[in-house]
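Notes to accompany the following structure.
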Amino acid sequence: MPGPLEGKVGLVAGATRGAGRGIAVELGVAGATVYVSGRSTRARRSEYDRPETVEDTADLVTAAGGQGIAVPTDHLEPSAVRALVDRIDDEQGRLDLLVNDIWGGEHLFAWDTPVWEHDLDKGLRLLRLAVETHAITSHHALPLLLRRPGGLVVEMTDGTAEYNRDTYRVSFFYDLAKSSVLRMAFALGHELGPRGATAVALTPGWLRSEIMLGQFGVGEVNWRDALERVPHFAISETPRYVGRAVAALAADPEVARWNGQSLSSGGLAPVYGFMDLDGSRPDAWRYLVEVQDAGKPADVTGYR
């Protein structure tokens with residue numbers, strides 16, 4: 001049976017690991033052709049110096065049932081992004097989905113450090129990686145996406161518009177970066193909506209990314225071992241959960257109803273009927289407000 005995204009072409013910009021990889025794989029499960037880009041390759045690692053690569057992600061997409069195509073790309077380089085989009089045009093003649101998931105800032109922010117004490121060079125590079133890359137990619141990719149009606153742009157961020165409006169997120173630079181991406185989706189919604197396309201902002205919950213699992217000294221198999229030290233980690237979710245959210249949005253013929261809005265994996269799960277890999281349905285942002293930030297003991301009952 002063909003998948004719901006059979007014949008569709010997507011670009012997941014920033015698909016090396018984490019949410020980007022989870023999204024790319026779930027698009028593959030749905031049968032899409034997925035171009036995956038990033039700076040970490042089998043020949044050369046990014047400044048993260050981690051083992052995950054875009055080639056590995058492409059292989060996972062193909063193994064899942066789609067067609068994964070790795071294109072190493074530095075999204076801070078406009079000429080490289082233009083070449084990436086030109087290749088998609090030459091090979092496919094269409095682009096149905098753009099996921100802007102470029103980040104690369106994990107080592108560039110300091111928690112609870114005011115702007116005047118924060119390393120300025122790191123803060124400014126974080127903003128370039130988190131904001132400028134998205135703008136460059138949209139600039140070059142959207143003309144191709146707009147050739148056909150029904151295109152979708154997903155701006156990946158951390159936090160819903162409501163949560164980030166009322167909550168200081170980590171530091172000045174981190175807060176600014178994640179809020180900027182939310183606003184990008186809002187602005188793109190105004191520009192794309194009248195032209196037959198849709199833009200949304202999407203956030204996972206507490207993501208069990210490769211980096212997060214490594215910080216807690218656990219793996220996906222034994223992630224619950226971290227709960228003794230970090231009890232609220234019980235609400236966490238796999239990258240595939242937000243991947244299923246993107247696949248559901250991309251397959252929805254009425255996706256325009258979400259245009260310009262801020263969405264979350266946990267908020268979309270009951271709407272589209274998907275679950276995480278373990279069969280649960282974590283709603284992290286509601287949990288953070290009602291349990292963690294409220295100072296209550298960790299208890300995910302009713303939240304996953």
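By convention in this document, the chains of the structure tokens carry letters A, B, ... by their order, each chain's residues are numbered from 1, and ligands are numbered from 1 in the order they are shown.
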Give me the residues within 7 Å of Val29 of chain A as a PDB file with N, CA and C atoms, in the first residue's frame, counting only C-alpha atoms and dropping any in the same chain fewer than 5 places off.
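Wrote out.pdb, looks like this:
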ATOM      1  N   ALA A  64      13.023   3.135   6.117  1.00  0.00           N
ATOM      2  CA  ALA A  64      11.667   3.287   6.645  1.00  0.00           C
ATOM      3  C   ALA A  64      10.591   3.188   5.573  1.00  0.00           C
ATOM      4  N   GLY A  65      10.996   3.242   4.299  1.00  0.00           N
ATOM      5  CA  GLY A  65      10.031   3.122   3.214  1.00  0.00           C
ATOM      6  C   GLY A  65       9.988   4.268   2.242  1.00  0.00           C
ATOM      7  N   GLY A  66      10.736   5.334   2.512  1.00  0.00           N
ATOM      8  CA  GLY A  66      10.795   6.464   1.596  1.00  0.00           C
ATOM      9  C   GLY A  66      12.055   6.449   0.773  1.00  0.00           C
TER      10      GLY A  66
END
Env of Gly260 of chain A: 6 Å cut, atoms = only C-alpha atoms, seq-sep filter 6 positions within chain, self excluded. Answer as an mmCIF file with C-alpha atoms, in the first residue's frame.
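result.cif, written as the output of this step:
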data_model
loop_
_atom_site.group_PDB
_atom_site.id
_atom_site.type_symbol
_atom_site.label_atom_id
_atom_site.label_comp_id
_atom_site.auth_asym_id
_atom_site.auth_seq_id
_atom_site.Cartn_x
_atom_site.Cartn_y
_atom_site.Cartn_z
ATOM 1 C CA ALA A 185 6.123 31.101 11.139
ATOM 2 C CA PHE A 186 3.589 33.826 11.868
ATOM 3 C CA GLY A 189 1.764 32.457 7.264
ATOM 4 C CA ALA A 199 3.378 27.874 7.448
ATOM 5 C CA VAL A 200 3.361 26.704 11.064
#
Within 10 Å of Gly10 of chain A using only C-alpha atoms, minus same-chain residues under 6 positions, as a short mmCIF file (atom, residue, chain, number, x, y, z; two decimals) with N, CA and C atoms, in the first residue's frame:
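Saved as out.cif:
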data_model
loop_
_atom_site.label_atom_id
_atom_site.label_comp_id
_atom_site.auth_asym_id
_atom_site.auth_seq_id
_atom_site.Cartn_x
_atom_site.Cartn_y
_atom_site.Cartn_z
N ALA A 24 12.51 13.36 9.48
CA ALA A 24 12.87 12.78 8.19
C ALA A 24 12.45 11.31 8.12
N LEU A 27 8.69 10.91 7.75
CA LEU A 27 8.29 11.23 6.38
C LEU A 27 8.60 10.05 5.46
N GLY A 28 9.70 9.37 5.74
CA GLY A 28 10.01 8.16 4.99
C GLY A 28 8.99 7.06 5.21
N ALA A 32 7.48 9.43 1.54
CA ALA A 32 7.97 10.63 0.86
C ALA A 32 9.41 10.45 0.37
N THR A 33 9.75 11.27 -0.60
CA THR A 33 11.14 11.49 -0.97
C THR A 33 11.65 12.64 -0.12
N VAL A 34 12.72 12.41 0.63
CA VAL A 34 13.17 13.39 1.62
C VAL A 34 14.63 13.74 1.40
N TYR A 35 14.86 15.01 1.10
CA TYR A 35 16.22 15.53 1.07
C TYR A 35 16.58 15.94 2.48
N VAL A 36 17.72 15.46 2.95
CA VAL A 36 18.16 15.76 4.31
C VAL A 36 19.49 16.50 4.23
N GLY A 68 15.55 8.51 0.88
CA GLY A 68 16.35 9.51 1.56
C GLY A 68 17.52 9.94 0.70
N ILE A 88 17.21 19.94 -6.01
CA ILE A 88 15.86 19.40 -5.83
C ILE A 88 15.00 19.70 -7.04
N ARG A 94 9.82 19.77 -8.00
CA ARG A 94 8.79 20.18 -7.06
C ARG A 94 9.36 20.13 -5.64
N LEU A 95 8.71 20.85 -4.74
CA LEU A 95 8.99 20.77 -3.32
C LEU A 95 7.67 20.99 -2.59
N ASP A 96 7.23 19.97 -1.87
CA ASP A 96 5.93 20.02 -1.20
C ASP A 96 6.03 20.41 0.27
N LEU A 97 7.19 20.19 0.87
CA LEU A 97 7.34 20.40 2.30
C LEU A 97 8.75 20.89 2.61
N LEU A 98 8.83 21.97 3.36
CA LEU A 98 10.09 22.47 3.88
C LEU A 98 10.02 22.46 5.40
N VAL A 99 10.96 21.75 6.03
CA VAL A 99 11.08 21.76 7.48
C VAL A 99 12.38 22.48 7.83
N LEU A 145 8.67 25.73 -3.69
CA LEU A 145 7.52 25.20 -2.95
C LEU A 145 6.20 25.81 -3.45
N GLY A 151 1.58 23.60 -0.53
CA GLY A 151 2.87 23.42 0.12
C GLY A 151 2.81 23.77 1.61
N LEU A 152 3.75 23.20 2.36
CA LEU A 152 3.78 23.38 3.81
C LEU A 152 5.19 23.72 4.26
N VAL A 153 5.31 24.72 5.13
CA VAL A 153 6.56 25.07 5.78
C VAL A 153 6.39 24.86 7.28
N ALA A 250 1.61 17.17 6.96
CA ALA A 250 1.89 17.13 5.53
C ALA A 250 0.85 16.34 4.74
#
Spatial neighbours of Ser236 of chain A, max dist 6 Å, only C-alpha atoms, sep filter under 3 positions, as a PyMOL selection string = chain A and resi 206-207+233
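Listed by chain and then by rising number, the residues of segment 118-211 of chain A that DSSP assigns to strand (DSSP E) from the backbone are Leu152, Val153, Val154, Glu155, Met156, Thr198, Ala199, Val200, Ala201, Leu202 and Thr203 of chain A.
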Selection near Pro72 of chain A, 6 Å with only C-alpha atoms, sequence-local residues under 4 positions removed, as a list in words | Ser37, Gly38 and Arg39 of chain A
